[in-house]
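Trainee: Structure: coords.cif, mmCIF, C-alpha atoms.
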data_start
loop_
_atom_site.group_PDB
_atom_site.id
_atom_site.type_symbol
_atom_site.label_atom_id
_atom_site.label_comp_id
_atom_site.auth_asym_id
_atom_site.auth_seq_id
_atom_site.Cartn_x
_atom_site.Cartn_y
_atom_site.Cartn_z
ATOM 1 C CA MET A 52 0.000 0.000 0.000
ATOM 2 C CA SER A 53 1.515 3.288 -1.054
ATOM 3 C CA LEU A 54 -1.210 5.823 -0.233
ATOM 4 C CA ARG A 55 -0.286 8.013 2.719
ATOM 5 C CA VAL A 56 -2.755 10.180 4.612
ATOM 6 C CA GLU A 57 -2.417 13.049 7.084
ATOM 7 C CA VAL A 58 -5.603 14.540 8.530
ATOM 8 C CA VAL A 59 -5.428 18.255 9.306
ATOM 9 C CA THR A 60 -8.216 19.724 11.446
ATOM 10 C CA VAL A 61 -9.287 23.092 10.025
ATOM 11 C CA THR A 62 -11.901 25.828 10.532
ATOM 12 C CA PRO A 63 -13.927 26.613 13.669
ATOM 13 C CA PHE A 64 -16.084 23.591 12.733
ATOM 14 C CA LYS A 65 -13.076 21.252 13.258
ATOM 15 C CA GLN A 66 -13.327 19.829 9.763
ATOM 16 C CA ASN A 67 -11.082 16.931 8.736
ATOM 17 C CA CYS A 68 -9.027 18.018 5.716
ATOM 18 C CA SER A 69 -6.995 15.118 4.305
ATOM 19 C CA VAL A 70 -3.587 15.544 2.696
ATOM 20 C CA ILE A 71 -3.028 12.350 0.702
ATOM 21 C CA TRP A 72 -0.132 11.228 -1.428
ATOM 22 C CA CYS A 73 1.491 8.329 -3.259
ATOM 23 C CA SER A 74 4.619 7.307 -1.385
ATOM 24 C CA GLU A 75 6.242 6.113 -4.620
ATOM 25 C CA THR A 76 5.919 9.369 -6.567
ATOM 26 C CA LEU A 77 5.222 11.910 -3.772
ATOM 27 C CA GLU A 78 2.375 13.231 -5.918
ATOM 28 C CA GLY A 79 -0.631 14.125 -3.825
ATOM 29 C CA ALA A 80 -3.995 15.792 -3.399
ATOM 30 C CA VAL A 81 -5.794 17.798 -0.730
ATOM 31 C CA VAL A 82 -9.305 16.642 0.107
ATOM 32 C CA ASP A 83 -11.651 19.351 1.429
ATOM 33 C CA PRO A 84 -9.403 22.327 2.270
ATOM 34 C CA GLY A 85 -12.046 24.240 4.207
ATOM 35 C CA GLY A 86 -9.673 26.862 5.587
ATOM 36 C CA ASP A 87 -6.500 27.379 7.640
ATOM 37 C CA ILE A 88 -4.461 27.036 4.457
ATOM 38 C CA GLU A 89 -1.221 27.735 6.335
ATOM 39 C CA LYS A 90 -1.731 24.557 8.393
ATOM 40 C CA ILE A 91 -2.368 22.530 5.243
ATOM 41 C CA SER A 92 0.637 24.054 3.468
ATOM 42 C CA ALA A 93 2.875 23.242 6.433
ATOM 43 C CA LYS A 94 1.872 19.586 6.219
ATOM 44 C CA ILE A 95 2.555 19.545 2.487
ATOM 45 C CA LYS A 96 6.027 21.009 3.042
ATOM 46 C CA GLN A 97 6.756 18.655 5.951
ATOM 47 C CA HIS A 98 6.320 15.609 3.706
ATOM 48 C CA ARG A 99 7.724 17.287 0.573
ATOM 49 C CA ILE A 100 4.616 16.430 -1.410
ATOM 50 C CA ASN A 101 3.972 17.589 -4.964
ATOM 51 C CA ILE A 102 0.279 18.422 -4.704
ATOM 52 C CA THR A 103 -1.371 18.155 -8.115
ATOM 53 C CA GLN A 104 -5.066 18.701 -7.344
ATOM 54 C CA ILE A 105 -7.746 19.650 -4.842
ATOM 55 C CA LEU A 106 -10.627 17.201 -4.348
ATOM 56 C CA LEU A 107 -13.954 18.378 -2.937
ATOM 57 C CA THR A 108 -16.563 16.059 -1.447
ATOM 58 C CA HIS A 109 -19.200 18.803 -1.341
ATOM 59 C CA GLY A 110 -19.762 22.540 -1.350
ATOM 60 C CA HIS A 111 -20.173 23.559 2.292
ATOM 61 C CA LEU A 112 -17.807 26.304 3.406
ATOM 62 C CA ASP A 113 -16.002 24.240 6.076
ATOM 63 C CA HIS A 114 -15.000 21.803 3.326
ATOM 64 C CA ALA A 115 -14.463 24.120 0.369
ATOM 65 C CA GLY A 116 -13.912 27.608 1.825
ATOM 66 C CA GLY A 117 -10.142 27.488 1.362
ATOM 67 C CA ALA A 118 -10.113 25.746 -2.019
ATOM 68 C CA ALA A 119 -9.913 28.920 -4.110
ATOM 69 C CA LYS A 120 -6.971 30.272 -2.105
ATOM 70 C CA LEU A 121 -5.058 26.984 -2.173
ATOM 71 C CA SER A 122 -5.765 26.614 -5.884
ATOM 72 C CA ARG A 123 -4.471 30.125 -6.531
ATOM 73 C CA GLU A 124 -1.339 29.759 -4.378
ATOM 74 C CA LEU A 125 -0.265 26.365 -5.750
ATOM 75 C CA LYS A 126 -1.833 26.707 -9.219
ATOM 76 C CA LEU A 127 -3.965 23.600 -8.719
ATOM 77 C CA PRO A 128 -7.133 22.363 -10.419
ATOM 78 C CA ILE A 129 -10.215 21.908 -8.232
ATOM 79 C CA VAL A 130 -11.891 18.565 -8.952
ATOM 80 C CA GLY A 131 -15.440 17.846 -7.771
ATOM 81 C CA PRO A 132 -17.982 17.852 -6.353
ATOM 82 C CA GLN A 133 -20.961 16.921 -8.533
ATOM 83 C CA LYS A 134 -22.542 19.915 -10.280
ATOM 84 C CA GLU A 135 -25.699 19.932 -8.123
ATOM 85 C CA ASP A 136 -23.545 21.532 -5.389
ATOM 86 C CA GLU A 137 -22.675 24.571 -7.529
ATOM 87 C CA PHE A 138 -25.097 26.800 -5.599
ATOM 88 C CA TRP A 139 -23.254 25.940 -2.365
ATOM 89 C CA LEU A 140 -19.841 26.759 -3.865
ATOM 90 C CA LEU A 141 -21.104 30.093 -5.200
ATOM 91 C CA GLY A 142 -22.531 30.939 -1.776
ATOM 92 C CA ILE A 143 -19.445 30.235 0.340
ATOM 93 C CA GLU A 144 -18.704 33.903 1.045
ATOM 94 C CA LYS A 145 -22.282 34.454 2.201
ATOM 95 C CA GLN A 146 -22.037 31.329 4.375
ATOM 96 C CA GLY A 147 -18.760 32.636 5.783
ATOM 97 C CA ALA A 148 -20.340 35.950 6.734
ATOM 98 C CA ASN A 149 -23.205 34.149 8.456
ATOM 99 C CA TYR A 150 -20.922 31.878 10.482
ATOM 100 C CA GLY A 151 -18.049 34.271 11.134
ATOM 101 C CA PHE A 152 -15.505 32.530 8.893
ATOM 102 C CA ASP A 153 -12.740 34.889 7.796
ATOM 103 C CA GLY A 154 -11.284 34.420 4.326
ATOM 104 C CA ALA A 155 -13.760 31.877 2.960
ATOM 105 C CA GLU A 156 -14.038 32.306 -0.818
ATOM 106 C CA ASN A 157 -16.517 31.191 -3.456
ATOM 107 C CA CYS A 158 -14.957 28.714 -5.836
ATOM 108 C CA GLN A 159 -15.596 27.163 -9.225
ATOM 109 C CA PRO A 160 -14.256 23.680 -9.927
ATOM 110 C CA THR A 161 -11.995 23.026 -12.861
ATOM 111 C CA GLN A 162 -13.788 19.706 -13.305
ATOM 112 C CA TRP A 163 -17.157 18.457 -12.070
ATOM 113 C CA LEU A 164 -17.549 14.759 -11.286
ATOM 114 C CA GLU A 165 -20.598 12.532 -11.666
ATOM 115 C CA GLY A 166 -19.570 9.365 -9.834
ATOM 116 C CA GLY A 167 -18.063 6.352 -11.563
ATOM 117 C CA GLU A 168 -14.782 8.093 -12.350
ATOM 118 C CA SER A 169 -11.334 7.061 -11.134
ATOM 119 C CA ILE A 170 -9.007 9.822 -9.935
ATOM 120 C CA LYS A 171 -5.264 9.218 -10.115
ATOM 121 C CA VAL A 172 -3.040 10.384 -7.259
ATOM 122 C CA GLY A 173 0.446 9.406 -8.327
ATOM 123 C CA ASN A 174 0.232 5.649 -8.912
ATOM 124 C CA GLU A 175 -2.881 5.319 -6.769
ATOM 125 C CA ASN A 176 -6.522 5.371 -7.873
ATOM 126 C CA LEU A 177 -9.513 6.788 -6.027
ATOM 127 C CA ASP A 178 -12.942 5.574 -7.106
ATOM 128 C CA VAL A 179 -15.655 8.239 -7.075
ATOM 129 C CA TYR A 180 -19.189 7.672 -5.774
ATOM 130 C CA HIS A 181 -22.059 10.158 -5.953
ATOM 131 C CA CYS A 182 -23.734 10.028 -2.518
ATOM 132 C CA PRO A 183 -26.410 12.737 -2.282
ATOM 133 C CA GLY A 184 -28.580 13.473 0.731
ATOM 134 C CA HIS A 185 -26.482 15.784 2.899
ATOM 135 C CA THR A 186 -26.038 17.909 -0.201
ATOM 136 C CA PRO A 187 -27.286 17.012 -3.692
ATOM 137 C CA GLY A 188 -23.824 16.865 -5.251
ATOM 138 C CA HIS A 189 -21.925 15.088 -2.472
ATOM 139 C CA LEU A 190 -19.121 12.702 -3.482
ATOM 140 C CA VAL A 191 -17.151 9.977 -1.724
ATOM 141 C CA PHE A 192 -13.582 9.045 -2.710
ATOM 142 C CA HIS A 193 -12.564 5.417 -2.092
ATOM 143 C CA HIS A 194 -9.066 3.932 -2.210
ATOM 144 C CA ALA A 195 -9.706 0.225 -2.605
ATOM 145 C CA GLU A 196 -6.155 -1.003 -1.952
ATOM 146 C CA SER A 197 -5.910 0.597 1.489
ATOM 147 C CA LYS A 198 -9.615 -0.037 2.236
ATOM 148 C CA LEU A 199 -10.100 3.638 3.032
ATOM 149 C CA ALA A 200 -12.842 6.075 2.022
ATOM 150 C CA PHE A 201 -13.071 9.846 2.333
ATOM 151 C CA VAL A 202 -16.778 10.315 2.983
ATOM 152 C CA GLY A 203 -17.166 14.004 3.790
ATOM 153 C CA ASP A 204 -20.370 14.531 5.743
ATOM 154 C CA VAL A 205 -22.288 11.480 4.493
ATOM 155 C CA ILE A 206 -21.586 9.424 7.617
ATOM 156 C CA PHE A 207 -19.723 9.874 10.901
ATOM 157 C CA LYS A 208 -18.690 7.631 13.744
ATOM 158 C CA GLY A 209 -22.075 7.236 15.420
ATOM 159 C CA GLY A 210 -23.912 9.671 13.173
ATOM 160 C CA ILE A 211 -24.888 10.812 9.689
ATOM 161 C CA GLY A 212 -24.869 14.133 7.889
ATOM 162 C CA ARG A 213 -27.543 16.746 8.465
ATOM 163 C CA THR A 214 -30.338 16.821 5.931
ATOM 164 C CA ASP A 215 -32.102 20.053 6.932
ATOM 165 C CA PHE A 216 -30.022 22.224 4.604
ATOM 166 C CA PRO A 217 -31.351 23.336 1.181
ATOM 167 C CA LYS A 218 -31.726 20.315 -1.144
ATOM 168 C CA GLY A 219 -30.846 17.894 1.652
ATOM 169 C CA ASP A 220 -33.009 14.794 2.039
ATOM 170 C CA PHE A 221 -32.954 12.162 4.777
ATOM 171 C CA ASP A 222 -34.248 9.223 2.707
ATOM 172 C CA THR A 223 -31.802 10.024 -0.088
ATOM 173 C CA LEU A 224 -28.912 10.073 2.390
ATOM 174 C CA ILE A 225 -29.897 6.718 3.896
ATOM 175 C CA ASN A 226 -30.141 5.282 0.393
ATOM 176 C CA SER A 227 -26.671 6.592 -0.471
ATOM 177 C CA ILE A 228 -25.179 4.975 2.617
ATOM 178 C CA THR A 229 -26.868 1.609 2.175
ATOM 179 C CA THR A 230 -26.526 1.273 -1.605
ATOM 180 C CA LYS A 231 -23.177 2.992 -2.243
ATOM 181 C CA LEU A 232 -21.107 2.572 0.945
ATOM 182 C CA TRP A 233 -22.219 -0.688 2.546
ATOM 183 C CA PRO A 234 -21.454 -2.715 -0.627
ATOM 184 C CA LEU A 235 -17.820 -1.589 -0.367
ATOM 185 C CA GLY A 236 -17.475 -3.969 2.606
ATOM 186 C CA GLY A 237 -17.512 -3.776 6.371
ATOM 187 C CA ASP A 238 -13.720 -3.765 6.605
ATOM 188 C CA LYS A 239 -13.517 -0.374 4.900
ATOM 189 C CA ARG A 240 -12.377 2.448 7.182
ATOM 190 C CA PHE A 241 -13.436 6.002 6.565
ATOM 191 C CA VAL A 242 -12.301 9.552 7.218
ATOM 192 C CA SER A 243 -15.408 11.633 7.766
ATOM 193 C CA GLY A 244 -15.713 15.391 7.644
ATOM 194 C CA HIS A 245 -15.667 15.693 11.425
ATOM 195 C CA GLY A 246 -14.676 13.509 14.338
ATOM 196 C CA ALA A 247 -12.917 10.176 14.647
ATOM 197 C CA LEU A 248 -12.245 7.525 12.033
ATOM 198 C CA SER A 249 -14.468 4.481 11.934
ATOM 199 C CA ASP A 250 -15.327 1.559 9.656
ATOM 200 C CA PHE A 251 -18.514 0.474 7.957
ATOM 201 C CA ALA A 252 -18.890 -2.732 9.994
ATOM 202 C CA SER A 253 -18.868 -0.770 13.250
ATOM 203 C CA GLU A 254 -21.480 1.647 11.919
ATOM 204 C CA ARG A 255 -23.698 -1.159 10.660
ATOM 205 C CA ALA A 256 -23.547 -2.610 14.162
ATOM 206 C CA ASN A 257 -23.809 0.529 16.294
ATOM 207 C CA ASN A 258 -24.790 3.674 14.377
ATOM 208 C CA PRO A 259 -28.219 4.720 15.724
ATOM 209 C CA TYR A 260 -29.291 6.013 12.298
ATOM 210 C CA VAL A 261 -28.137 3.306 9.897
ATOM 211 C CA SER A 262 -27.399 0.169 11.912
ATOM 212 C CA ASP A 263 -28.772 -3.043 10.435
ATOM 213 C CA THR A 264 -31.108 -3.324 13.419
ATOM 214 C CA LYS A 265 -32.392 0.224 12.996
ATOM 215 C CA LEU A 266 -33.017 -0.171 9.275
ATOM 216 C CA SER A 267 -34.693 -3.573 9.643
ATOM 217 C CA ASN A 268 -37.118 -2.047 12.154
ATOM 218 C CA LEU A 269 -38.093 0.598 9.617
ATOM 219 C CA LYS A 270 -39.168 -1.931 7.009
#
What's the structure tokens form of this structure?
Mentor:
Amino acid sequence: MSLRVEVVTVTPFKQNCSVIWCSETLEGAVVDPGGDIEKISAKIKQHRINITQILLTHGHLDHAGGAAKLSRELKLPIVGPQKEDEFWLLGIEKQGANYGFDGAENCQPTQWLEGGESIKVGNENLDVYHCPGHTPGHLVFHHAESKLAFVGDVIFKGGIGRTDFPKGDFDTLINSITTKLWPLGGDKRFVSGHGALSDFASERANNPYVSDTKLSNLK
């Protein structure tokens, strides 16, 4: 396994930004640079990574608020999310004003994703899944070899993403989790947008929203 990962906690919302790279080529990507770009840049320099792209799971400001600045400073393309999140990305500065985030900028991706693509990071491949519900254009990036997924705010250790935002939908989110994530296998670990790492087996056993017991009781 040659994918390396460093999680950097950024923004007042304590968002998990992931700096990932191929240990063979030192080419890397930044997943969800929500802010605190100096902290992210320090991690990049520490490991001497050649960052080639920014990957966005979705358009909320704590995940994408620093993408424009990082893209400008390092001359990087912004890849993702799915186009249904464009209204979120174009409203980042307004979100920032509402929540007291300094320096959050609207951004426009270089490339939208639909799900089904494979993103290269050095010699490594990330499979892309469209998992709407928290936001309509939310994506998940999965590295099969290391059994690791970057799930944004789709699911957390012991929780799931909020669905009371514009174009959020609870049933859609549950469907994304059960039809897109569970089939990846219980042994898959995930980095969520906030909080501790977990794995799908643990969430199927214990998550009060999407455990197998909970979902069977709803049928």
Trainee: At what distance in Å, to one decimal, does CA of Thr223 (chain A) lie from CA of Arg255 (chain A)?
Mentor: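 Result for CA of Arg255 (chain A) versus CA of Thr223 (chain A): 17.5 Å, one decimal.
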Trainee: Mind pulling up the distance from CA of Ser69 (chain A) to CA of Trp139 (chain A)?
Mentor: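 Taking CA of Trp139 (chain A) and CA of Ser69 (chain A), their separation equals 20.6 Å.
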Trainee: Could you write out as a PyMOL selection string the residues that the PyMOL selection byres ((chain A and resi 115-128) around 10) matches in the shown file?
Mentor: chain A and resi 61-62+68+80-89+91-92+101-114+129-132+139-140+142-144+146-147+152-162
Trainee: With only C-alpha atoms as the basis for distance, which of A:His245, A:Lys65, A:Lys171, A:Lys134 is at the shortest distance from Pro187 (chain A)?
Mentor: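 When distances to Pro187 (chain A) are compared using only C-alpha atoms, the smallest one comes from A:Lys134.
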Trainee: What does the PyMOL selection byres ((chain A and resi 194) around 12) select in this file, as a VMD selection string?
Mentor: chain A and resid 52 to 56 71 to 73 169 to 172 174 to 180 191 to 193 195 to 202 235 239 to 242
Trainee: When the PyMOL selection byres ((chain A and resi 261-263) around 10) is applied to the file above, which residues end up in the set, as a tab-separated table (two decimals) with C-alpha atoms, keeping the file's coordinate frame?
Mentor:
chain	number	residue	atom	x	y	z
A	206	ILE	CA	-21.59	9.42	7.62
A	209	GLY	CA	-22.08	7.24	15.42
A	210	GLY	CA	-23.91	9.67	13.17
A	211	ILE	CA	-24.89	10.81	9.69
A	225	ILE	CA	-29.90	6.72	3.90
A	226	ASN	CA	-30.14	5.28	0.39
A	228	ILE	CA	-25.18	4.97	2.62
A	229	THR	CA	-26.87	1.61	2.17
A	251	PHE	CA	-18.51	0.47	7.96
A	252	ALA	CA	-18.89	-2.73	9.99
A	253	SER	CA	-18.87	-0.77	13.25
A	254	GLU	CA	-21.48	1.65	11.92
A	255	ARG	CA	-23.70	-1.16	10.66
A	256	ALA	CA	-23.55	-2.61	14.16
A	257	ASN	CA	-23.81	0.53	16.29
A	258	ASN	CA	-24.79	3.67	14.38
A	259	PRO	CA	-28.22	4.72	15.72
A	260	TYR	CA	-29.29	6.01	12.30
A	264	THR	CA	-31.11	-3.32	13.42
A	265	LYS	CA	-32.39	0.22	13.00
A	266	LEU	CA	-33.02	-0.17	9.28
A	267	SER	CA	-34.69	-3.57	9.64
A	268	ASN	CA	-37.12	-2.05	12.15
Trainee: Given 5 Å on each side, where is the centre and what are the edge lengths in Å to one decimal of the axis-aligned box enclosing the listed atoms of region 198-210 of chain A, as AutoDock Vina command-line options?
Mentor:
--center_x -16.8 --center_y 7.2 --center_z 8.7 --size_x 24.3 --size_y 24.6 --size_z 23.4
Trainee: Could you state the separation of CA of Phe216 (chain A) and CA of Lys145 (chain A) in Å, given to one decimal place?
Mentor: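 Value for the CA of Phe216 (chain A)-CA of Lys145 (chain A) distance: 14.7 Å.
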Trainee: Pick from A:Arg99, A:Lys208, A:Arg213, A:Lys218: nearest to Leu248 (chain A), with only C-alpha atoms counted?
Mentor: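 Among the listed residues, A:Lys208 lies closest to Leu248 (chain A).
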Trainee: I'd like to know which of A:Val205, A:Leu141, A:Leu269, A:Cys182 is closest to Gly244 (chain A), using all atoms listed in the file.
Mentor: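 For Gly244 (chain A), the nearest of the given residues is A:Val205.
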